[in-house]
>>> print(open('entry38.txt').read())   # compact mmCIF, C-alpha atoms
# COMPACT_ATOMS: atom_id res chain seq x y z
CA MET A 1 42.22 -10.87 42.13
CA ASN A 2 45.99 -10.56 42.14
CA ALA A 3 48.32 -8.19 40.35
CA PRO A 4 48.53 -8.88 36.61
CA ILE A 5 50.72 -11.85 35.91
CA ASP A 6 52.82 -12.50 32.88
CA TRP A 7 54.53 -15.82 33.59
CA PRO A 8 52.06 -17.64 31.29
CA ASP A 9 53.60 -15.58 28.48
CA ARG A 10 56.99 -17.12 29.33
CA LEU A 11 55.42 -20.55 28.86
CA TYR A 12 53.90 -19.50 25.56
CA GLU A 13 57.25 -18.16 24.36
CA THR A 14 58.86 -21.46 25.33
CA PHE A 15 56.21 -23.29 23.29
CA LYS A 16 57.04 -21.16 20.28
CA ARG A 17 60.79 -21.65 20.61
CA ALA A 18 60.26 -25.39 21.00
CA GLY A 19 57.98 -25.62 17.98
CA ILE A 20 54.95 -26.91 19.88
CA ARG A 21 52.13 -27.46 17.37
CA GLN A 22 49.45 -29.19 19.44
CA VAL A 23 48.30 -28.19 22.93
CA GLY A 24 45.85 -30.41 24.76
CA TYR A 25 44.12 -29.15 27.87
CA VAL A 26 41.24 -29.47 30.24
CA PRO A 27 40.41 -25.84 31.05
CA ASP A 28 41.89 -24.56 34.26
CA ALA A 29 41.89 -21.06 35.72
CA GLY A 30 45.64 -21.14 36.34
CA HIS A 31 46.24 -21.91 32.67
CA ALA A 32 43.59 -19.52 31.32
CA ARG A 33 46.00 -16.98 29.90
CA LEU A 34 48.24 -19.60 28.28
CA ILE A 35 45.18 -21.31 26.80
CA ASP A 36 44.01 -17.98 25.36
CA ARG A 37 47.40 -17.37 23.77
CA CYS A 38 47.48 -20.84 22.25
CA ARG A 39 43.94 -20.48 20.94
CA ALA A 40 44.87 -17.19 19.30
CA ASP A 41 47.86 -18.73 17.52
CA PRO A 42 47.10 -20.12 14.06
CA ASP A 43 50.22 -22.31 14.22
CA ILE A 44 49.07 -24.10 17.36
CA ARG A 45 46.18 -26.52 17.30
CA ASP A 46 44.40 -26.21 20.65
CA VAL A 47 42.61 -29.40 21.62
CA VAL A 48 40.14 -29.16 24.48
CA LEU A 49 39.94 -32.58 26.15
CA THR A 50 37.19 -34.26 28.11
CA THR A 51 39.78 -35.79 30.44
CA GLU A 52 43.51 -35.28 30.80
CA GLU A 53 44.47 -38.83 29.84
CA GLU A 54 43.29 -38.07 26.33
CA GLY A 55 46.14 -35.59 26.12
CA VAL A 56 48.75 -38.26 26.89
CA ALA A 57 47.50 -40.23 23.90
CA LEU A 58 47.22 -37.09 21.76
CA ALA A 59 50.85 -36.22 22.42
CA ALA A 60 51.93 -39.76 21.51
CA GLY A 61 50.06 -39.55 18.22
CA ALA A 62 51.51 -36.14 17.49
CA TRP A 63 55.04 -37.46 17.97
CA LEU A 64 54.36 -40.48 15.76
CA GLY A 65 53.42 -37.97 13.10
CA GLY A 66 56.43 -35.71 13.69
CA GLU A 67 54.85 -32.92 15.71
CA ARG A 68 55.49 -31.72 19.22
CA ALA A 69 52.62 -31.43 21.68
CA ALA A 70 52.17 -30.11 25.21
CA LEU A 71 49.59 -31.02 27.83
CA LEU A 72 48.14 -28.54 30.31
CA MET A 73 46.29 -29.59 33.41
CA GLN A 74 45.47 -28.89 37.01
CA SER A 75 46.92 -31.15 39.70
CA SER A 76 43.67 -33.14 39.92
CA GLY A 77 44.09 -34.06 36.26
CA LEU A 78 47.28 -35.99 36.89
CA GLY A 79 45.24 -38.62 38.66
CA ASN A 80 43.23 -39.10 35.48
CA CYS A 81 46.41 -39.84 33.51
CA VAL A 82 48.18 -42.51 35.49
CA ASN A 83 47.53 -45.63 33.41
CA MET A 84 47.84 -43.74 30.13
CA LEU A 85 51.31 -42.60 31.20
CA SER A 86 52.29 -46.24 30.59
CA LEU A 87 52.04 -45.39 26.89
CA ALA A 88 54.66 -42.67 27.22
CA ARG A 89 56.88 -44.79 29.45
CA THR A 90 56.74 -48.02 27.46
CA CYS A 91 57.33 -46.36 24.10
CA ARG A 92 59.42 -43.45 25.37
CA PHE A 93 57.16 -40.82 23.93
CA PRO A 94 58.09 -37.24 24.74
CA LEU A 95 55.50 -35.80 27.11
CA LEU A 96 55.65 -32.18 28.22
CA MET A 97 53.19 -31.57 31.04
CA LEU A 98 52.46 -28.22 32.67
CA ILE A 99 50.60 -28.75 35.92
CA THR A 100 48.99 -26.01 37.98
CA MET A 101 48.78 -26.90 41.64
CA ARG A 102 45.75 -26.91 43.90
CA GLY A 103 45.38 -28.08 47.45
CA GLU A 104 48.71 -26.91 48.80
CA TRP A 105 48.58 -23.22 49.74
CA GLU A 106 45.69 -20.95 50.74
CA GLU A 107 43.34 -23.64 49.48
CA PHE A 108 39.71 -23.14 50.41
CA ASN A 109 38.45 -26.41 48.94
CA PRO A 110 39.52 -29.46 50.96
CA TRP A 111 38.57 -31.79 48.08
CA GLN A 112 41.66 -30.57 46.23
CA GLN A 113 44.08 -31.66 48.95
CA PRO A 114 44.20 -35.46 48.45
CA MET A 115 45.36 -35.35 44.84
CA GLY A 116 47.37 -32.16 45.20
CA SER A 117 49.42 -33.71 48.00
CA ILE A 118 50.54 -36.66 45.87
CA VAL A 119 51.31 -34.96 42.57
CA GLU A 120 55.09 -35.05 42.91
CA PRO A 121 55.34 -38.63 44.26
CA VAL A 122 53.02 -39.86 41.50
CA LEU A 123 55.06 -38.10 38.84
CA LYS A 124 58.27 -39.56 40.20
CA LEU A 125 56.80 -43.06 40.39
CA CYS A 126 55.94 -42.60 36.72
CA GLU A 127 59.59 -41.76 35.96
CA ALA A 128 58.87 -38.13 35.11
CA GLU A 129 61.42 -35.38 35.58
CA VAL A 130 59.77 -32.79 37.80
CA TYR A 131 60.51 -29.07 37.82
CA ARG A 132 58.68 -27.25 40.58
CA VAL A 133 58.27 -23.51 40.23
CA LEU A 134 57.60 -21.21 43.18
CA ASN A 135 58.46 -17.82 41.67
CA ALA A 136 57.64 -16.19 38.37
CA ASP A 137 61.27 -15.61 37.50
CA GLU A 138 61.89 -19.38 37.52
CA VAL A 139 59.18 -20.21 34.99
CA ALA A 140 61.11 -19.74 31.76
CA GLY A 141 64.15 -21.71 32.91
CA ALA A 142 62.10 -24.61 34.20
CA ALA A 143 60.05 -24.76 31.03
CA GLU A 144 63.14 -24.70 28.80
CA ARG A 145 64.71 -27.53 30.78
CA ALA A 146 61.50 -29.56 30.60
CA VAL A 147 61.37 -29.10 26.82
CA GLN A 148 64.93 -30.41 26.48
CA VAL A 149 64.23 -33.45 28.63
CA ALA A 150 60.91 -34.25 26.96
CA PHE A 151 61.86 -33.91 23.30
CA GLY A 152 65.61 -34.39 23.50
CA ASP A 153 65.59 -37.45 25.73
CA GLU A 154 62.08 -38.67 24.81
CA ARG A 155 60.87 -38.72 28.38
CA ILE A 156 58.09 -37.35 30.55
CA ALA A 157 58.88 -33.89 31.92
CA ALA A 158 56.51 -32.00 34.17
CA VAL A 159 56.63 -28.35 35.19
CA VAL A 160 54.73 -28.09 38.45
CA LEU A 161 53.43 -24.54 38.92
CA SER A 162 52.89 -23.97 42.61
CA GLN A 163 49.78 -22.43 44.09
CA GLN A 164 51.85 -19.58 45.49
CA LEU A 165 52.81 -18.68 41.94
CA ILE A 166 49.28 -18.92 40.60
CA GLY A 167 47.65 -17.03 43.43
CA LYS A 168 44.70 -17.53 45.67
CA LYS A 169 41.38 -18.38 44.11
CA VAL A 170 38.67 -15.89 45.04
CA TRP A 171 35.56 -17.72 46.21
CA THR A 172 33.26 -14.87 47.16
CA LYS A 173 32.91 -11.58 45.37
CA MET B 1 23.98 -60.53 10.73
CA SER B 2 27.61 -60.32 11.87
CA LEU B 3 30.92 -60.30 10.05
CA GLU B 4 33.95 -62.46 10.77
CA ARG B 5 36.61 -60.17 12.26
CA ARG B 6 39.73 -61.43 10.47
CA ALA B 7 38.04 -61.36 7.09
CA ALA B 8 36.60 -57.93 7.90
CA MET B 9 40.07 -56.53 8.68
CA ALA B 10 41.50 -58.08 5.51
CA THR B 11 38.70 -56.55 3.44
CA LEU B 12 39.15 -53.11 4.98
CA LEU B 13 42.89 -53.08 4.29
CA ALA B 14 42.91 -54.80 0.90
CA GLY B 15 44.93 -52.73 -1.56
CA ARG B 16 46.21 -50.51 1.25
CA ASP B 17 48.51 -47.68 0.14
CA ASP B 18 51.41 -46.04 1.94
CA ASN B 19 49.31 -43.05 2.93
CA LEU B 20 47.12 -45.11 5.25
CA LEU B 21 48.37 -45.19 8.83
CA VAL B 22 46.67 -47.66 11.16
CA VAL B 23 46.32 -47.62 14.95
CA PRO B 24 44.47 -50.61 16.41
CA GLY B 25 43.20 -50.87 19.96
CA LEU B 26 44.88 -53.24 22.37
CA GLY B 27 43.90 -56.89 22.22
CA SER B 28 41.79 -58.45 19.51
CA THR B 29 41.96 -55.64 16.95
CA ALA B 30 45.76 -55.60 17.27
CA TRP B 31 45.82 -59.35 16.56
CA ASP B 32 43.45 -58.81 13.64
CA LEU B 33 45.71 -56.12 12.22
CA ALA B 34 48.81 -58.30 12.60
CA ALA B 35 46.98 -61.17 10.92
CA ALA B 36 46.19 -58.93 7.95
CA GLY B 37 49.92 -58.44 7.41
CA ASP B 38 52.56 -56.51 9.29
CA ASN B 39 53.34 -53.00 8.12
CA ASP B 40 55.70 -50.31 9.40
CA ARG B 41 52.75 -47.92 9.26
CA ASN B 42 50.90 -49.89 11.95
CA PHE B 43 51.28 -48.69 15.52
CA TYR B 44 50.14 -51.67 17.59
CA LEU B 45 48.91 -51.04 21.10
CA TRP B 46 49.45 -53.57 23.86
CA GLY B 47 48.04 -51.26 26.52
CA ALA B 48 46.77 -47.67 26.80
CA MET B 49 43.16 -48.88 26.83
CA GLY B 50 40.86 -46.02 25.90
CA GLY B 51 43.61 -44.14 24.08
CA ALA B 52 43.51 -45.44 20.51
CA ALA B 53 41.19 -42.77 19.08
CA MET B 54 43.21 -39.97 20.69
CA ILE B 55 46.49 -41.33 19.35
CA GLY B 56 44.76 -41.27 15.99
CA LEU B 57 43.72 -37.65 16.51
CA GLY B 58 47.23 -36.46 17.36
CA LEU B 59 48.61 -38.37 14.40
CA ALA B 60 45.96 -37.11 11.98
CA LEU B 61 46.57 -33.49 13.01
CA ALA B 62 50.32 -33.96 12.58
CA GLN B 63 50.01 -35.69 9.19
CA PRO B 64 47.26 -33.85 7.31
CA THR B 65 48.30 -35.27 3.92
CA ARG B 66 47.99 -38.88 5.06
CA ARG B 67 44.93 -40.83 6.20
CA VAL B 68 44.69 -42.32 9.68
CA ALA B 69 42.46 -45.27 10.55
CA VAL B 70 41.94 -46.21 14.18
CA ILE B 71 40.49 -49.71 14.20
CA THR B 72 39.53 -50.68 17.72
CA GLY B 73 37.03 -52.72 19.71
CA ASP B 74 33.82 -51.73 21.46
CA GLY B 75 35.31 -52.14 24.93
CA GLU B 76 38.32 -49.98 24.11
CA MET B 77 36.13 -47.30 22.53
CA LEU B 78 33.76 -47.29 25.49
CA MET B 79 36.64 -46.65 27.90
CA GLY B 80 37.56 -43.50 25.98
CA LEU B 81 34.11 -42.44 24.82
CA GLY B 82 34.90 -38.80 25.60
CA ALA B 83 37.42 -38.91 22.77
CA LEU B 84 34.51 -38.86 20.33
CA ALA B 85 33.48 -35.48 21.75
CA THR B 86 37.06 -34.23 21.51
CA ILE B 87 37.37 -35.48 17.92
CA GLY B 88 33.95 -34.05 17.04
CA ILE B 89 35.28 -30.60 17.90
CA GLN B 90 38.52 -30.98 15.89
CA ARG B 91 37.01 -32.89 12.97
CA PRO B 92 40.22 -33.67 11.08
CA ARG B 93 39.35 -34.60 7.52
CA ASN B 94 41.86 -37.44 7.50
CA LEU B 95 40.77 -39.45 10.55
CA ALA B 96 38.58 -42.54 10.50
CA ILE B 97 37.49 -44.34 13.66
CA VAL B 98 36.35 -47.90 13.00
CA VAL B 99 34.95 -49.94 15.88
CA PHE B 100 34.75 -53.72 15.63
CA ASP B 101 31.71 -54.28 17.82
CA ASN B 102 30.96 -57.78 19.07
CA GLY B 103 29.27 -56.67 22.27
CA VAL B 104 31.73 -58.50 24.48
CA TYR B 105 35.15 -58.19 26.10
CA GLY B 106 36.74 -61.02 24.13
CA GLU B 107 40.19 -60.99 25.71
CA THR B 108 38.89 -61.47 29.22
CA GLY B 109 36.25 -64.16 28.85
CA MET B 110 33.43 -62.77 26.71
CA GLN B 111 31.78 -60.63 29.38
CA PRO B 112 29.06 -58.40 27.87
CA SER B 113 29.92 -54.80 27.01
CA ALA B 114 27.56 -51.83 27.09
CA THR B 115 26.88 -52.12 23.36
CA GLN B 116 25.18 -55.45 24.00
CA SER B 117 22.70 -53.64 26.23
CA GLY B 118 21.89 -51.15 23.53
CA VAL B 119 24.52 -48.42 23.74
CA ASP B 120 24.68 -47.26 20.13
CA LEU B 121 28.15 -46.05 19.20
CA VAL B 122 27.03 -44.80 15.78
CA SER B 123 24.50 -42.50 17.41
CA VAL B 124 27.06 -41.35 19.98
CA ALA B 125 29.53 -40.47 17.23
CA GLY B 126 26.84 -38.61 15.28
CA ALA B 127 25.75 -36.71 18.38
CA CYS B 128 29.39 -35.69 18.90
CA GLY B 129 29.39 -33.99 15.52
CA ILE B 130 31.36 -36.53 13.50
CA GLY B 131 30.24 -35.99 9.93
CA SER B 132 29.99 -39.44 8.40
CA CYS B 133 28.76 -42.20 10.67
CA LEU B 134 28.20 -45.67 9.25
CA ASP B 135 26.67 -48.82 10.66
CA VAL B 136 28.36 -51.69 8.83
CA ARG B 137 26.47 -54.95 9.08
CA ASP B 138 27.09 -56.82 5.84
CA GLN B 139 29.65 -57.46 3.13
CA ALA B 140 28.34 -54.73 0.87
CA ALA B 141 28.65 -52.09 3.58
CA LEU B 142 32.09 -53.43 4.52
CA ALA B 143 33.27 -53.15 0.92
CA ASP B 144 31.92 -49.60 0.84
CA LEU B 145 33.86 -48.75 4.01
CA SER B 146 37.01 -50.27 2.51
CA ARG B 147 36.62 -47.99 -0.52
CA ARG B 148 36.08 -44.98 1.72
CA LEU B 149 39.29 -45.71 3.66
CA LYS B 150 41.18 -45.21 0.40
CA GLY B 151 40.06 -41.61 0.05
CA PHE B 152 37.80 -39.92 2.60
CA ASP B 153 37.82 -36.20 3.28
CA ASP B 154 35.72 -35.81 6.40
CA THR B 155 36.01 -37.35 9.84
CA LEU B 156 34.56 -40.82 9.55
CA PHE B 157 33.12 -43.15 12.15
CA ALA B 158 32.08 -46.70 11.41
CA ARG B 159 30.79 -49.40 13.65
CA VAL B 160 31.41 -52.84 12.15
CA LYS B 161 29.18 -55.53 13.64
CA ILE B 162 31.36 -58.58 14.06
CA GLU B 163 30.63 -61.98 15.55
CA ALA B 164 31.81 -62.82 19.05
CA ALA B 165 34.46 -65.33 18.06
CA GLU B 166 38.05 -65.63 19.23
CA PRO B 167 40.35 -66.62 16.38
CA PRO B 168 43.91 -67.71 17.22
CA ARG B 169 46.09 -64.84 18.36
CA VAL B 170 48.56 -63.38 15.91
CA LEU B 171 51.01 -61.41 18.01
CA PRO B 172 52.79 -58.39 16.54
CA LEU B 173 56.01 -56.79 17.73
CA ARG B 174 55.54 -55.66 21.33
CA ASP B 175 58.60 -53.46 21.90
CA GLY B 176 57.01 -50.03 22.13
CA VAL B 177 60.19 -48.10 21.38
CA ALA B 178 60.86 -50.21 18.28
CA LEU B 179 57.25 -49.76 17.10
CA LYS B 180 57.55 -46.01 17.53
CA GLN B 181 60.91 -45.78 15.76
CA ARG B 182 59.92 -47.84 12.76
CA PHE B 183 56.64 -45.97 12.36
CA ARG B 184 58.41 -42.59 12.40
CA ALA B 185 61.11 -43.86 10.07
CA ALA B 186 58.47 -45.08 7.61
CA LEU B 187 56.95 -41.59 7.60
CA GLY B 188 60.33 -39.93 7.40
CA VAL B 189 59.58 -37.55 10.26
CA LYS B 190 62.03 -35.71 12.45
CA ALA B 191 61.04 -33.59 15.39
>>> encode(input="entry38.txt", output="structure tokens")
Amino acid sequence: MNAPIDWPDRLYETFKRAGIRQVGYVPDAGHARLIDRCRADPDIRDVVLTTEEEGVALAAGAWLGGERAALLMQSSGLGNCVNMLSLARTCRFPLLMLITMRGEWEEFNPWQQPMGSIVEPVLKLCEAEVYRVLNADEVAGAAERAVQVAFGDERIAAVVLSQQLIGKKVWTK
Amino acid sequence: MSLERRAAMATLLAGRDDNLLVVPGLGSTAWDLAAAGDNDRNFYLWGAMGGAAMIGLGLALAQPTRRVAVITGDGEMLMGLGALATIGIQRPRNLAIVVFDNGVYGETGMQPSATQSGVDLVSVAGACGIGSCLDVRDQAALADLSRRLKGFDDTLFARVKIEAAEPPRVLPLRDGVALKQRFRAALGVKA
């Protein structure tokens, strides 16, 4: 595929600095390395979800109990979360979302385009702070800022990891 | 045989201690919980349908020395049925999921739910790997569940068969921020 990437390690390091203890995710190729690092960490409970909205509720429960959680998903997963985001908005639960983009650059699968194209407007309608990342050297800064907004201000903060950053999915080998 | 929901909630929570944290589903089970007596360790839902069990999971993982009881309805559980699979993987020893099952959507006009057509939530929970799965249909079983809620040490699922009645609403606090703050203050957490 592409040259080895290490920006997921910047996200993992941010999790550790922020004291993230629960990470909910629906598996996604763009998040594979970060998921592996979280799974290998005995201080992080990795929670594989059947649908992304479960992670919004998981993070709320974690905060009620005094722990910090993060939620990993692909752009399509945001659509599965929309009503559950009312929980975070109504109660001002911190919600740190890391979203890998599909459907915007070198996308082979047209079924990814409809949701991918509305990720940022949907997030903004849901009163999330959005930090879009195009280059690897922006990852750490965006993630740190999102952590501050989520847990400091008790708001929804989303780091949107662009498809250019993640790289092109290989469909035929 | 079916149990009366308000009496069932009162029985389950009789003699409740400070280490029991309760998350009801939205609607009828929230009214039932409020009717049983307000408590800072209740986190009432007025929305987030399908999310009660997952809030319970996040809370149970964060508070391993306390017990968490999610007490929700069949419609709310059915909307988030995948949560049983997610919880079956994690299996926190301090999480109980209790479903008040009357086979109808009571808040919206008593339309039938899937459990009325035979969807068996106890079997679903068992198939998801939840260790203790109970079908509570009478007072003796309800009293047994109440005892278990005072000291269980494996993930617990219980379906409580209740009658399809609609007792007068008892409305709890509905300010979500206030509910969150008082719950966290009661637990003494900072994060």
>>> closest_residue(input="entry38.txt", among="B:Ala158, B:Asn39, B:Glu107, B:Val119", to="Val136 of chain B", atoms="all atoms listed in the file")
B:Ala158
>>> interface_residues(input="entry38.txt", of="chain A", to="chain B", cutoff="6 Å", atoms="only C-alpha atoms", output="list of chain:residue names")
A:Leu49, A:Thr50, A:Glu54, A:Ala57, A:Leu58, A:Gly61, A:Ala62, A:Leu64, A:Gly65, A:Gly66, A:Glu67, A:Met84, A:Leu87, A:Thr90, A:Cys91
>>> write_last_selection(input="entry38.txt", atoms="C-alpha atoms", output="short mmCIF file (atom, residue, chain, number, x, y, z; two decimals), keeping the file's coordinate frame")
data_model
loop_
_atom_site.label_atom_id
_atom_site.label_comp_id
_atom_site.auth_asym_id
_atom_site.auth_seq_id
_atom_site.Cartn_x
_atom_site.Cartn_y
_atom_site.Cartn_z
CA LEU A 49 39.94 -32.58 26.15
CA THR A 50 37.19 -34.26 28.11
CA GLU A 54 43.29 -38.07 26.33
CA ALA A 57 47.50 -40.23 23.90
CA LEU A 58 47.22 -37.09 21.76
CA GLY A 61 50.06 -39.55 18.22
CA ALA A 62 51.51 -36.14 17.49
CA LEU A 64 54.36 -40.48 15.76
CA GLY A 65 53.42 -37.97 13.10
CA GLY A 66 56.43 -35.71 13.69
CA GLU A 67 54.85 -32.92 15.71
CA MET A 84 47.84 -43.74 30.13
CA LEU A 87 52.04 -45.39 26.89
CA THR A 90 56.74 -48.02 27.46
CA CYS A 91 57.33 -46.36 24.10
#
>>> closest_residue(input="entry38.txt", among="A:Ile166, A:Ala157, A:Met115, A:Ala150", to="Glu129 of chain A", atoms="only C-alpha atoms")
A:Ala157
>>> closest_atom_pairs(input="entry38.txt", of="segment 39-59 of chain A", to="segment 68-77 of chain A", cutoff="10 Å", atoms="all atoms listed in the file", output="tab-separated table")
residue	atom	partner	partner_atom	distance
A:Ile44	CA	A:Ala69	CA	9.2
A:Arg45	CA	A:Ala69	CA	9.2
A:Asp46	CA	A:Ala69	CA	9.8
A:Val47	CA	A:Leu71	CA	9.5
A:Val48	CA	A:Leu72	CA	9.9
A:Leu49	CA	A:Leu71	CA	9.9
A:Thr51	CA	A:Gly77	CA	7.4
A:Glu52	CA	A:Gly77	CA	5.6
A:Glu53	CA	A:Gly77	CA	8.0
A:Glu54	CA	A:Leu71	CA	9.6
A:Gly55	CA	A:Leu71	CA	6.0
A:Val56	CA	A:Leu71	CA	7.3
A:Leu58	CA	A:Ala69	CA	7.8
A:Ala59	CA	A:Ala69	CA	5.2
>>> residues_around(input="entry38.txt", residues="Ala140 of chain A", least_positions_apart="5", cutoff="9 Å", atoms="all atoms listed in the file", output="VMD selection string")
chain A and resid 7 10 to 11 13 to 14 145
>>> atom_distance(input="entry38.txt", atom1="atom CA of Leu142 of chain B", atom2="atom CA of Val68 of chain B")
17.6 Å
>>> residues_around(input="entry38.txt", residues="segment 143-155 of chain B", least_positions_apart="4", cutoff="9 Å", atoms="all atoms listed in the file", output="list of chain:residue names")
B:Thr11, B:Leu12, B:Leu13, B:Ala14, B:Gly15, B:Arg16, B:Asp17, B:Asn19, B:Leu20, B:Arg67, B:Val68, B:Ala69, B:Ile87, B:Gly88, B:Arg91, B:Pro92, B:Arg93, B:Asn94, B:Leu95, B:Ala96, B:Ile97, B:Ile130, B:Gly131, B:Ser132, B:Cys133, B:Leu134, B:Val136, B:Asp138, B:Gln139
>>> residues_around(input="entry38.txt", residues="segment 163-173 of chain B", least_positions_apart="6", cutoff="6 Å", atoms="only C-alpha atoms", output="PyMOL selection string")
chain B and resi 2-4+31+34-35+102
>>> atom_distance(input="entry38.txt", atom1="atom CA of Ile162 of chain B", atom2="atom CA of Gly37 of chain B")
19.7 Å
>>> build_atoms(input="entry38.txt", residues="segment 95-112 of chain B", atoms="N, CA and C atoms", output="PDB file, keeping the file's coordinate frame")
ATOM      1  N   LEU B  95      40.843 -38.481   9.455  1.00  0.00           N
ATOM      2  CA  LEU B  95      40.770 -39.450  10.550  1.00  0.00           C
ATOM      3  C   LEU B  95      39.513 -40.296  10.450  1.00  0.00           C
ATOM      4  N   ALA B  96      39.704 -41.600  10.454  1.00  0.00           N
ATOM      5  CA  ALA B  96      38.580 -42.540  10.500  1.00  0.00           C
ATOM      6  C   ALA B  96      38.675 -43.365  11.780  1.00  0.00           C
ATOM      7  N   ILE B  97      37.566 -43.485  12.476  1.00  0.00           N
ATOM      8  CA  ILE B  97      37.490 -44.340  13.660  1.00  0.00           C
ATOM      9  C   ILE B  97      36.574 -45.505  13.299  1.00  0.00           C
ATOM     10  N   VAL B  98      37.122 -46.693  13.328  1.00  0.00           N
ATOM     11  CA  VAL B  98      36.350 -47.900  13.000  1.00  0.00           C
ATOM     12  C   VAL B  98      36.290 -48.757  14.253  1.00  0.00           C
ATOM     13  N   VAL B  99      35.097 -49.123  14.672  1.00  0.00           N
ATOM     14  CA  VAL B  99      34.950 -49.940  15.880  1.00  0.00           C
ATOM     15  C   VAL B  99      34.411 -51.312  15.501  1.00  0.00           C
ATOM     16  N   PHE B 100      35.204 -52.332  15.770  1.00  0.00           N
ATOM     17  CA  PHE B 100      34.750 -53.720  15.630  1.00  0.00           C
ATOM     18  C   PHE B 100      33.924 -54.043  16.872  1.00  0.00           C
ATOM     19  N   ASP B 101      32.644 -54.163  16.694  1.00  0.00           N
ATOM     20  CA  ASP B 101      31.710 -54.280  17.820  1.00  0.00           C
ATOM     21  C   ASP B 101      31.149 -55.696  17.862  1.00  0.00           C
ATOM     22  N   ASN B 102      31.565 -56.447  18.869  1.00  0.00           N
ATOM     23  CA  ASN B 102      30.960 -57.780  19.070  1.00  0.00           C
ATOM     24  C   ASN B 102      30.168 -57.836  20.363  1.00  0.00           C
ATOM     25  N   GLY B 103      30.088 -56.713  21.057  1.00  0.00           N
ATOM     26  CA  GLY B 103      29.270 -56.670  22.270  1.00  0.00           C
ATOM     27  C   GLY B 103      29.857 -57.375  23.469  1.00  0.00           C
ATOM     28  N   VAL B 104      31.110 -57.807  23.346  1.00  0.00           N
ATOM     29  CA  VAL B 104      31.730 -58.500  24.480  1.00  0.00           C
ATOM     30  C   VAL B 104      33.203 -58.093  24.634  1.00  0.00           C
ATOM     31  N   TYR B 105      33.721 -58.334  25.829  1.00  0.00           N
ATOM     32  CA  TYR B 105      35.150 -58.190  26.100  1.00  0.00           C
ATOM     33  C   TYR B 105      35.796 -59.552  25.817  1.00  0.00           C
ATOM     34  N   GLY B 106      36.278 -59.713  24.583  1.00  0.00           N
ATOM     35  CA  GLY B 106      36.740 -61.020  24.130  1.00  0.00           C
ATOM     36  C   GLY B 106      38.000 -61.505  24.807  1.00  0.00           C
ATOM     37  N   GLU B 107      38.900 -60.586  25.145  1.00  0.00           N
ATOM     38  CA  GLU B 107      40.190 -60.990  25.710  1.00  0.00           C
ATOM     39  C   GLU B 107      40.063 -61.522  27.127  1.00  0.00           C
ATOM     40  N   THR B 108      38.964 -61.191  27.778  1.00  0.00           N
ATOM     41  CA  THR B 108      38.890 -61.470  29.220  1.00  0.00           C
ATOM     42  C   THR B 108      37.811 -62.496  29.568  1.00  0.00           C
ATOM     43  N   GLY B 109      37.227 -63.117  28.541  1.00  0.00           N
ATOM     44  CA  GLY B 109      36.250 -64.160  28.850  1.00  0.00           C
ATOM     45  C   GLY B 109      34.843 -63.868  28.367  1.00  0.00           C
ATOM     46  N   MET B 110      34.720 -63.004  27.374  1.00  0.00           N
ATOM     47  CA  MET B 110      33.430 -62.770  26.710  1.00  0.00           C
ATOM     48  C   MET B 110      32.347 -62.161  27.619  1.00  0.00           C
ATOM     49  N   GLN B 111      32.769 -61.330  28.569  1.00  0.00           N
ATOM     50  CA  GLN B 111      31.780 -60.630  29.380  1.00  0.00           C
ATOM     51  C   GLN B 111      31.074 -59.570  28.519  1.00  0.00           C
ATOM     52  N   PRO B 112      29.784 -59.353  28.724  1.00  0.00           N
ATOM     53  CA  PRO B 112      29.060 -58.400  27.870  1.00  0.00           C
ATOM     54  C   PRO B 112      29.539 -56.962  28.060  1.00  0.00           C
TER      55      PRO B 112
END
